[in-house]
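Written out below as structure tokens is the structure these notes cover.
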Amino acid sequence: MLPKQNRLKKRKEFGYIHKNGKRVHSEHLTLTYIESRFPIPKIGVVVSNKSGNAVVRNRIKRQLREILKQNINNLRSHQNIVLSAHPNISECDFSKLGAEINYLLKKGKRINE
RNA sequence: GUAGCUAGUUAGACGGUCGAAUUUCUUUUUAAGAAAUUAGGAAAGUCCGAGCACAACAGGGCAAGGUGCAAGAUAACAUCUUGUGAAGGCGACUUUAAGGAUAGUGCAACAGAAAUAUACCGCCACUUAUUUGUCUAUUUUUGUGUUUUUUGAUUUAUGUAUUAUCAUUUAUCUUACCUCCUAUUUUUUCACAAAAAUCCAAGUGGUAAGGUUGGAAAGGUGGUGUAAGAGACCACCGCAAACAAAGAGAUUUGUUUGGCUCUGUAAACCCCACCUUGUGCAAGAUAAGGAAGAAAAAAGGUUGCCCGCCUUCUUCCGAUAUACAUCGCUUGAACAUAUUGGUGACAAUAUGUCUAGAUAGAUGACCGUCCACGACAGAACUCGGCUUAUCGACUAGGCUACCCCC
RNA sequence: GGAGAGGUACUCAAGUGGUUGAAGAGACGUCCCUGCUAAGGACGCAGUACGGGAAACCGUAGCGAGGGUUCAAAUCCCUCCCUCUCCG
């Protein structure tokens, strides 16, 4: 799990980021990000109801959070990130998800060089 | 040994690295460290029943809805247990929305003479009229015209037969392909015309045996009986009612009586008996109000309606603004073990335990080893059930049928 | 988490037990009309599966799926599946 200070929590925050943020896409994921005035980066994960039943959705969320946790020290400060999964996400395994997230973070220039 | 029946249990294991939530303790002061605990048999579907919370849920009536063999269990139930009836299985055993159709109403297409009541055909008796020719029907003969095979569908009759089926057979319709394509004759079928022969009507009453249907025709089979017939009578079977016995009861057994009353449908309306206030934790609780104006008849609330009951409104100003919070929230019809009572569901007593409580939502991610290679699947206020999904593994000094050996 | 509504042809849909060939409209296909197209007109369309037949045609199943009640179910009852809406 992510530490509590790094989580996005409020419904308003998710709505604001979805409305005003910039997006980067890959085959199974979408990364939405926006600048913020707090130095600590905050991350939220979204998996829709169409991806599968509750067990599948929970496992995907855990795997995505685990990958983000490994990269959290490399992330640039002053930003909020929402990672959304596409409905066919259940095809991917752990290593493929990690590759996709790295690709997205580099493409969106979210990582400290 | 094979095939089953019943009742249950379980739902990968071990190790390493990195993390999350709750509680407690310690140190430091907002963080860190340690320890303990951290998802199921269905957590699911939300199909029933309760707790709990709020709303004057006081109360009465109507409407609406639910349940439906008996006795019991339970906080309650559309649940469970033990029995009864019915159905299925060689059997162990399983399944069962199983009250009332003689309280009333409705519906029952098509077919059929007739659909819950009738009397069309037929059968029988009696009375009246009466042999005539027209019509009609049948048969025979003659003449004219059409058709003639095969397959399929529908249909008539006969035989076997309880029916069904099967075999033979009659007629009509459909027409691909093949053969012939000129004419004549014979036979058969149908249509038309002519001739000859035969039969003929109406009414009253009795009867429900027979009449190609249909899911269903109002007891069945055989006999007696009769003008013809009939539960009109008899034997056996079946149905219904009353009585007696057994049982707590559903019901069972026996005896007597009955055939006027008697089709099916209540998962159609309905009747009988019993039950139901509504909304649902997004329930709800915790806060800051003040001023002015209107007002006794209306408005609003209380369940769908009526009675009844309860409350009061409008405007302006201001406060609260991470209320996106805290509580509700987990000690409970709880769990484990033992004893006792009960056929059993279950209950009582004793001892012990505290065993998820998140809020973008924790209970995990990755790696390694082993095996049978891991199914269905994720708590969201809490319980009791039902239903549905599910790779497998295992248990019972349990039970049944068949086969083999002693 | 809680409360509801619906499912009939390619699409929109009618049909609440009974001769049903399961209305109707659009779309689609064929033909007519026109020098050509559009519009218009006619016909066909529960168009599927299985069995029989050379064919015409006949029989059975089929209204989201599976059971039940009934002589008879798209319709009545039960259980599942799918879609949509509302409650901060």
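If you're wondering about the labels, chains in the structure tokens are A, B, ... by order shown, residues count from 1 in each chain, ligands from 1 in order shown.
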What's around U169 of chain B at 10 Å? Count only C-alpha atoms (C1' of nucleotides), leave out sequence neighbours fewer than 4 positions away in its own chain, and write the answer as a PDB file with all heavy atoms, in the first residue's frame.
ATOM      1  P     U B 156     -62.428 -40.033 -43.369  1.00  0.00           P
ATOM      2  OP1   U B 156     -63.567 -39.642 -42.524  1.00  0.00           O
ATOM      3  OP2   U B 156     -61.228 -40.638 -42.747  1.00  0.00           O
ATOM      4  O5'   U B 156     -62.955 -41.021 -44.493  1.00  0.00           O
ATOM      5  C5'   U B 156     -64.150 -40.715 -45.211  1.00  0.00           C
ATOM      6  C4'   U B 156     -64.545 -41.853 -46.113  1.00  0.00           C
ATOM      7  O4'   U B 156     -63.538 -42.032 -47.137  1.00  0.00           O
ATOM      8  C3'   U B 156     -64.638 -43.221 -45.456  1.00  0.00           C
ATOM      9  O3'   U B 156     -65.859 -43.400 -44.753  1.00  0.00           O
ATOM     10  C2'   U B 156     -64.497 -44.166 -46.644  1.00  0.00           C
ATOM     11  O2'   U B 156     -65.696 -44.262 -47.363  1.00  0.00           O
ATOM     12  C1'   U B 156     -63.462 -43.407 -47.489  1.00  0.00           C
ATOM     13  N1    U B 156     -62.081 -43.891 -47.259  1.00  0.00           N
ATOM     14  C2    U B 156     -61.699 -45.068 -47.869  1.00  0.00           C
ATOM     15  O2    U B 156     -62.451 -45.724 -48.550  1.00  0.00           O
ATOM     16  N3    U B 156     -60.413 -45.447 -47.618  1.00  0.00           N
ATOM     17  C4    U B 156     -59.484 -44.787 -46.861  1.00  0.00           C
ATOM     18  O4    U B 156     -58.357 -45.248 -46.733  1.00  0.00           O
ATOM     19  C5    U B 156     -59.955 -43.573 -46.270  1.00  0.00           C
ATOM     20  C6    U B 156     -61.210 -43.190 -46.484  1.00  0.00           C
ATOM     21  P     A B 157     -65.905 -44.351 -43.443  1.00  0.00           P
ATOM     22  OP1   A B 157     -67.256 -44.274 -42.867  1.00  0.00           O
ATOM     23  OP2   A B 157     -64.739 -44.035 -42.601  1.00  0.00           O
ATOM     24  O5'   A B 157     -65.693 -45.815 -44.041  1.00  0.00           O
ATOM     25  C5'   A B 157     -66.717 -46.428 -44.812  1.00  0.00           C
ATOM     26  C4'   A B 157     -66.224 -47.675 -45.507  1.00  0.00           C
ATOM     27  O4'   A B 157     -65.052 -47.350 -46.302  1.00  0.00           O
ATOM     28  C3'   A B 157     -65.742 -48.800 -44.606  1.00  0.00           C
ATOM     29  O3'   A B 157     -66.794 -49.569 -44.067  1.00  0.00           O
ATOM     30  C2'   A B 157     -64.834 -49.599 -45.548  1.00  0.00           C
ATOM     31  O2'   A B 157     -65.591 -50.410 -46.417  1.00  0.00           O
ATOM     32  C1'   A B 157     -64.186 -48.472 -46.355  1.00  0.00           C
ATOM     33  N9    A B 157     -62.862 -48.080 -45.832  1.00  0.00           N
ATOM     34  C8    A B 157     -62.541 -46.988 -45.081  1.00  0.00           C
ATOM     35  N7    A B 157     -61.271 -46.910 -44.785  1.00  0.00           N
ATOM     36  C5    A B 157     -60.722 -48.032 -45.374  1.00  0.00           C
ATOM     37  C6    A B 157     -59.421 -48.535 -45.440  1.00  0.00           C
ATOM     38  N6    A B 157     -58.380 -47.932 -44.865  1.00  0.00           N
ATOM     39  N1    A B 157     -59.210 -49.680 -46.106  1.00  0.00           N
ATOM     40  C2    A B 157     -60.249 -50.284 -46.688  1.00  0.00           C
ATOM     41  N3    A B 157     -61.523 -49.904 -46.700  1.00  0.00           N
ATOM     42  C4    A B 157     -61.700 -48.764 -46.028  1.00  0.00           C
ATOM     43  P     U B 158     -66.574 -50.382 -42.686  1.00  0.00           P
ATOM     44  OP1   U B 158     -67.871 -50.957 -42.286  1.00  0.00           O
ATOM     45  OP2   U B 158     -65.839 -49.532 -41.738  1.00  0.00           O
ATOM     46  O5'   U B 158     -65.618 -51.573 -43.122  1.00  0.00           O
ATOM     47  C5'   U B 158     -66.097 -52.595 -43.980  1.00  0.00           C
ATOM     48  C4'   U B 158     -64.983 -53.528 -44.405  1.00  0.00           C
ATOM     49  O4'   U B 158     -63.918 -52.773 -45.034  1.00  0.00           O
ATOM     50  C3'   U B 158     -64.275 -54.263 -43.287  1.00  0.00           C
ATOM     51  O3'   U B 158     -65.006 -55.384 -42.800  1.00  0.00           O
ATOM     52  C2'   U B 158     -62.953 -54.658 -43.949  1.00  0.00           C
ATOM     53  O2'   U B 158     -63.124 -55.768 -44.799  1.00  0.00           O
ATOM     54  C1'   U B 158     -62.679 -53.416 -44.802  1.00  0.00           C
ATOM     55  N1    U B 158     -61.758 -52.473 -44.128  1.00  0.00           N
ATOM     56  C2    U B 158     -60.409 -52.733 -44.158  1.00  0.00           C
ATOM     57  O2    U B 158     -59.929 -53.707 -44.706  1.00  0.00           O
ATOM     58  N3    U B 158     -59.616 -51.810 -43.514  1.00  0.00           N
ATOM     59  C4    U B 158     -60.036 -50.679 -42.868  1.00  0.00           C
ATOM     60  O4    U B 158     -59.215 -49.942 -42.342  1.00  0.00           O
ATOM     61  C5    U B 158     -61.448 -50.467 -42.868  1.00  0.00           C
ATOM     62  C6    U B 158     -62.238 -51.361 -43.485  1.00  0.00           C
TER      63        U B 158
END
Contact residues around segment 25-30 of chain A with only C-alpha atoms (C1' of nucleotides) at 10 Å, ignoring same-chain residues under 4 positions, as a list of chain:residue names: A:Val46, A:Val47, A:Val82, A:Leu83, A:Ser84, A:Ala85, A:His86, A:Pro87, A:Asn88, A:Ile89, A:Ser90, A:Glu91, A:Cys92, A:Lys96, A:Leu97, A:Glu100, A:Ile101, A:Tyr103, A:Leu104, A:Lys107, A:Gly108
Residues near segment 78-84 of chain C, cut-off 8 Å, only C-alpha atoms (C1' of nucleotides), skip fewer than 5 positions along chain, as a PDB file with N, CA and C atoms (P, O5', C5', C4', C3', O3' and C1' of nucleotides), in the first residue's frame:
ATOM      1  P     U B 387     -32.791 -23.779  -1.093  1.00  0.00           P
ATOM      2  O5'   U B 387     -32.461 -22.813  -2.306  1.00  0.00           O
ATOM      3  C5'   U B 387     -33.495 -22.376  -3.179  1.00  0.00           C
ATOM      4  C4'   U B 387     -33.010 -21.264  -4.072  1.00  0.00           C
ATOM      5  C3'   U B 387     -31.773 -21.573  -4.890  1.00  0.00           C
ATOM      6  O3'   U B 387     -32.071 -22.304  -6.060  1.00  0.00           O
ATOM      7  C1'   U B 387     -31.539 -19.454  -3.873  1.00  0.00           C
ATOM      8  P     U B 388     -31.022 -23.411  -6.602  1.00  0.00           P
ATOM      9  O5'   U B 388     -29.833 -22.537  -7.211  1.00  0.00           O
ATOM     10  C5'   U B 388     -30.070 -21.731  -8.361  1.00  0.00           C
ATOM     11  C4'   U B 388     -28.968 -20.714  -8.547  1.00  0.00           C
ATOM     12  C3'   U B 388     -27.558 -21.272  -8.671  1.00  0.00           C
ATOM     13  O3'   U B 388     -27.284 -21.814  -9.950  1.00  0.00           O
ATOM     14  C1'   U B 388     -27.539 -19.426  -7.215  1.00  0.00           C
TER      15        U B 388
ATOM     16  P     A C   5     -40.859  -1.877 -10.138  1.00  0.00           P
ATOM     17  O5'   A C   5     -40.405  -1.455 -11.602  1.00  0.00           O
ATOM     18  C5'   A C   5     -40.924  -0.263 -12.191  1.00  0.00           C
ATOM     19  C4'   A C   5     -40.224   0.061 -13.481  1.00  0.00           C
ATOM     20  C3'   A C   5     -40.243  -1.043 -14.533  1.00  0.00           C
ATOM     21  O3'   A C   5     -41.451  -1.086 -15.270  1.00  0.00           O
ATOM     22  C1'   A C   5     -38.060  -0.173 -14.339  1.00  0.00           C
ATOM     23  P     G C   6     -41.987  -2.518 -15.799  1.00  0.00           P
ATOM     24  O5'   G C   6     -40.914  -2.960 -16.881  1.00  0.00           O
ATOM     25  C5'   G C   6     -41.029  -2.549 -18.225  1.00  0.00           C
ATOM     26  C4'   G C   6     -39.722  -2.634 -18.953  1.00  0.00           C
ATOM     27  C3'   G C   6     -39.431  -3.934 -19.689  1.00  0.00           C
ATOM     28  O3'   G C   6     -40.091  -4.013 -20.935  1.00  0.00           O
ATOM     29  C1'   G C   6     -37.499  -3.225 -18.516  1.00  0.00           C
ATOM     30  P     G C   7     -40.450  -5.458 -21.576  1.00  0.00           P
ATOM     31  O5'   G C   7     -39.040  -5.994 -22.069  1.00  0.00           O
ATOM     32  C5'   G C   7     -38.355  -5.319 -23.110  1.00  0.00           C
ATOM     33  C4'   G C   7     -37.045  -6.012 -23.433  1.00  0.00           C
ATOM     34  C3'   G C   7     -37.194  -7.367 -24.135  1.00  0.00           C
ATOM     35  O3'   G C   7     -36.184  -7.530 -25.119  1.00  0.00           O
ATOM     36  C1'   G C   7     -35.968  -7.623 -22.120  1.00  0.00           C
ATOM     37  P     G C  64     -38.550 -12.675 -24.277  1.00  0.00           P
ATOM     38  O5'   G C  64     -37.046 -13.121 -24.048  1.00  0.00           O
ATOM     39  C5'   G C  64     -36.072 -12.914 -25.059  1.00  0.00           C
ATOM     40  C4'   G C  64     -34.717 -13.311 -24.555  1.00  0.00           C
ATOM     41  C3'   G C  64     -34.654 -14.684 -23.891  1.00  0.00           C
ATOM     42  O3'   G C  64     -34.496 -15.727 -24.837  1.00  0.00           O
ATOM     43  C1'   G C  64     -33.613 -13.095 -22.500  1.00  0.00           C
ATOM     44  P     A C  65     -35.108 -17.185 -24.549  1.00  0.00           P
ATOM     45  O5'   A C  65     -34.214 -17.739 -23.357  1.00  0.00           O
ATOM     46  C5'   A C  65     -32.891 -18.191 -23.599  1.00  0.00           C
ATOM     47  C4'   A C  65     -32.317 -18.872 -22.385  1.00  0.00           C
ATOM     48  C3'   A C  65     -33.163 -19.991 -21.799  1.00  0.00           C
ATOM     49  O3'   A C  65     -32.993 -21.218 -22.482  1.00  0.00           O
ATOM     50  C1'   A C  65     -32.487 -18.545 -20.070  1.00  0.00           C
ATOM     51  P     G C  66     -34.219 -22.268 -22.548  1.00  0.00           P
ATOM     52  O5'   G C  66     -34.307 -22.820 -21.060  1.00  0.00           O
ATOM     53  C5'   G C  66     -33.204 -23.506 -20.488  1.00  0.00           C
ATOM     54  C4'   G C  66     -33.429 -23.779 -19.018  1.00  0.00           C
ATOM     55  C3'   G C  66     -34.718 -24.503 -18.670  1.00  0.00           C
ATOM     56  O3'   G C  66     -34.625 -25.895 -18.908  1.00  0.00           O
ATOM     57  C1'   G C  66     -34.396 -22.697 -17.181  1.00  0.00           C
ATOM     58  P     G C  68     -41.040 -28.929 -15.590  1.00  0.00           P
ATOM     59  O5'   G C  68     -42.197 -28.243 -14.744  1.00  0.00           O
ATOM     60  C5'   G C  68     -42.350 -28.563 -13.372  1.00  0.00           C
ATOM     61  C4'   G C  68     -43.120 -27.494 -12.637  1.00  0.00           C
ATOM     62  C3'   G C  68     -44.609 -27.417 -12.956  1.00  0.00           C
ATOM     63  O3'   G C  68     -45.359 -28.413 -12.295  1.00  0.00           O
ATOM     64  C1'   G C  68     -43.678 -25.239 -12.885  1.00  0.00           C
TER      65        G C  68
END
So which residues of segment 49-101 of chain A fall under alpha helix (DSSP H) by DSSP, listed as a ChimeraX atom specification? /A:54-71,94-101
Neighbours of chain B in chain A at 12 Å, counting only C-alpha atoms (C1' of nucleotides), as a VMD selection string: chain A and resid 1 to 4 7 to 15 43 to 47 52 to 70 82 94 to 95
Can you check which residues of chain A DSSP gives as strand (DSSP E) on the backbone and send them as a ChimeraX atom specification? /A:22-25,29-35,42-47,79-85
If we count only C-alpha atoms (C1' of nucleotides) and set the cut-off at 12 Å, which residues sit around segment 272-275 of chain B, ignoring sequence neighbours fewer than 3 positions away in its own chain? Please answer as a list of chain:residue names. B:G65, B:G66, B:U67, B:G68, B:A76, B:C77, B:G99, B:G100, B:A103
Shell of 12 Å around A287 of chain B, only C-alpha atoms (C1' of nucleotides), local chain residues under 6 positions omitted, as a ChimeraX atom specification: /B:319-320,323
Since we have the selection now, will you write its residues out, keeping N, CA, C and O atoms (P, O5', C5', C4', C3', O3' and C1' of nucleotides), as a CSV table (one decimal), in the first residue's frame?
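Result went into selection.csv, see below:
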chain,number,residue,atom,x,y,z
B,319,A,P,-21.9,36.2,8.8
B,319,A,O5',-22.1,35.0,9.7
B,319,A,C5',-21.8,35.0,11.1
B,319,A,C4',-22.1,33.7,11.8
B,319,A,C3',-21.3,32.5,11.2
B,319,A,O3',-20.0,32.4,11.7
B,319,A,C1',-23.6,32.0,11.5
B,320,U,P,-18.9,31.9,10.7
B,320,U,O5',-19.2,30.3,10.6
B,320,U,C5',-19.1,29.5,11.7
B,320,U,C4',-19.7,28.1,11.4
B,320,U,C3',-19.1,27.4,10.2
B,320,U,O3',-17.8,26.8,10.5
B,320,U,C1',-21.4,27.2,10.2
B,323,A,P,-15.4,19.9,8.5
B,323,A,O5',-16.8,19.4,7.9
B,323,A,C5',-16.9,18.3,7.1
B,323,A,C4',-18.3,18.0,6.8
B,323,A,C3',-19.1,19.0,6.1
B,323,A,O3',-20.1,18.4,5.2
B,323,A,C1',-20.2,18.6,8.1
Give me the residues near segment 31-48 of chain C as a list in words, where near means some atom within 12 Å (using only C-alpha atoms (C1' of nucleotides)) and where sequence neighbours in that chain fewer than 3 positions away do not count. U8, A9, C10, G21, A22, A27, C28, A61, G62 and C63 of chain C
List the neighbours of U102 of chain B out to 12 Å using only C-alpha atoms (C1' of nucleotides); skip same-chain residues closer than 6 positions along the sequence, and give me the result as an NGL selection string. :B and (240-241 or 261-262)
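For the pair atom C1' of A71 of chain B and atom C1' of U84 of chain B, the separation is 10.7 Å.
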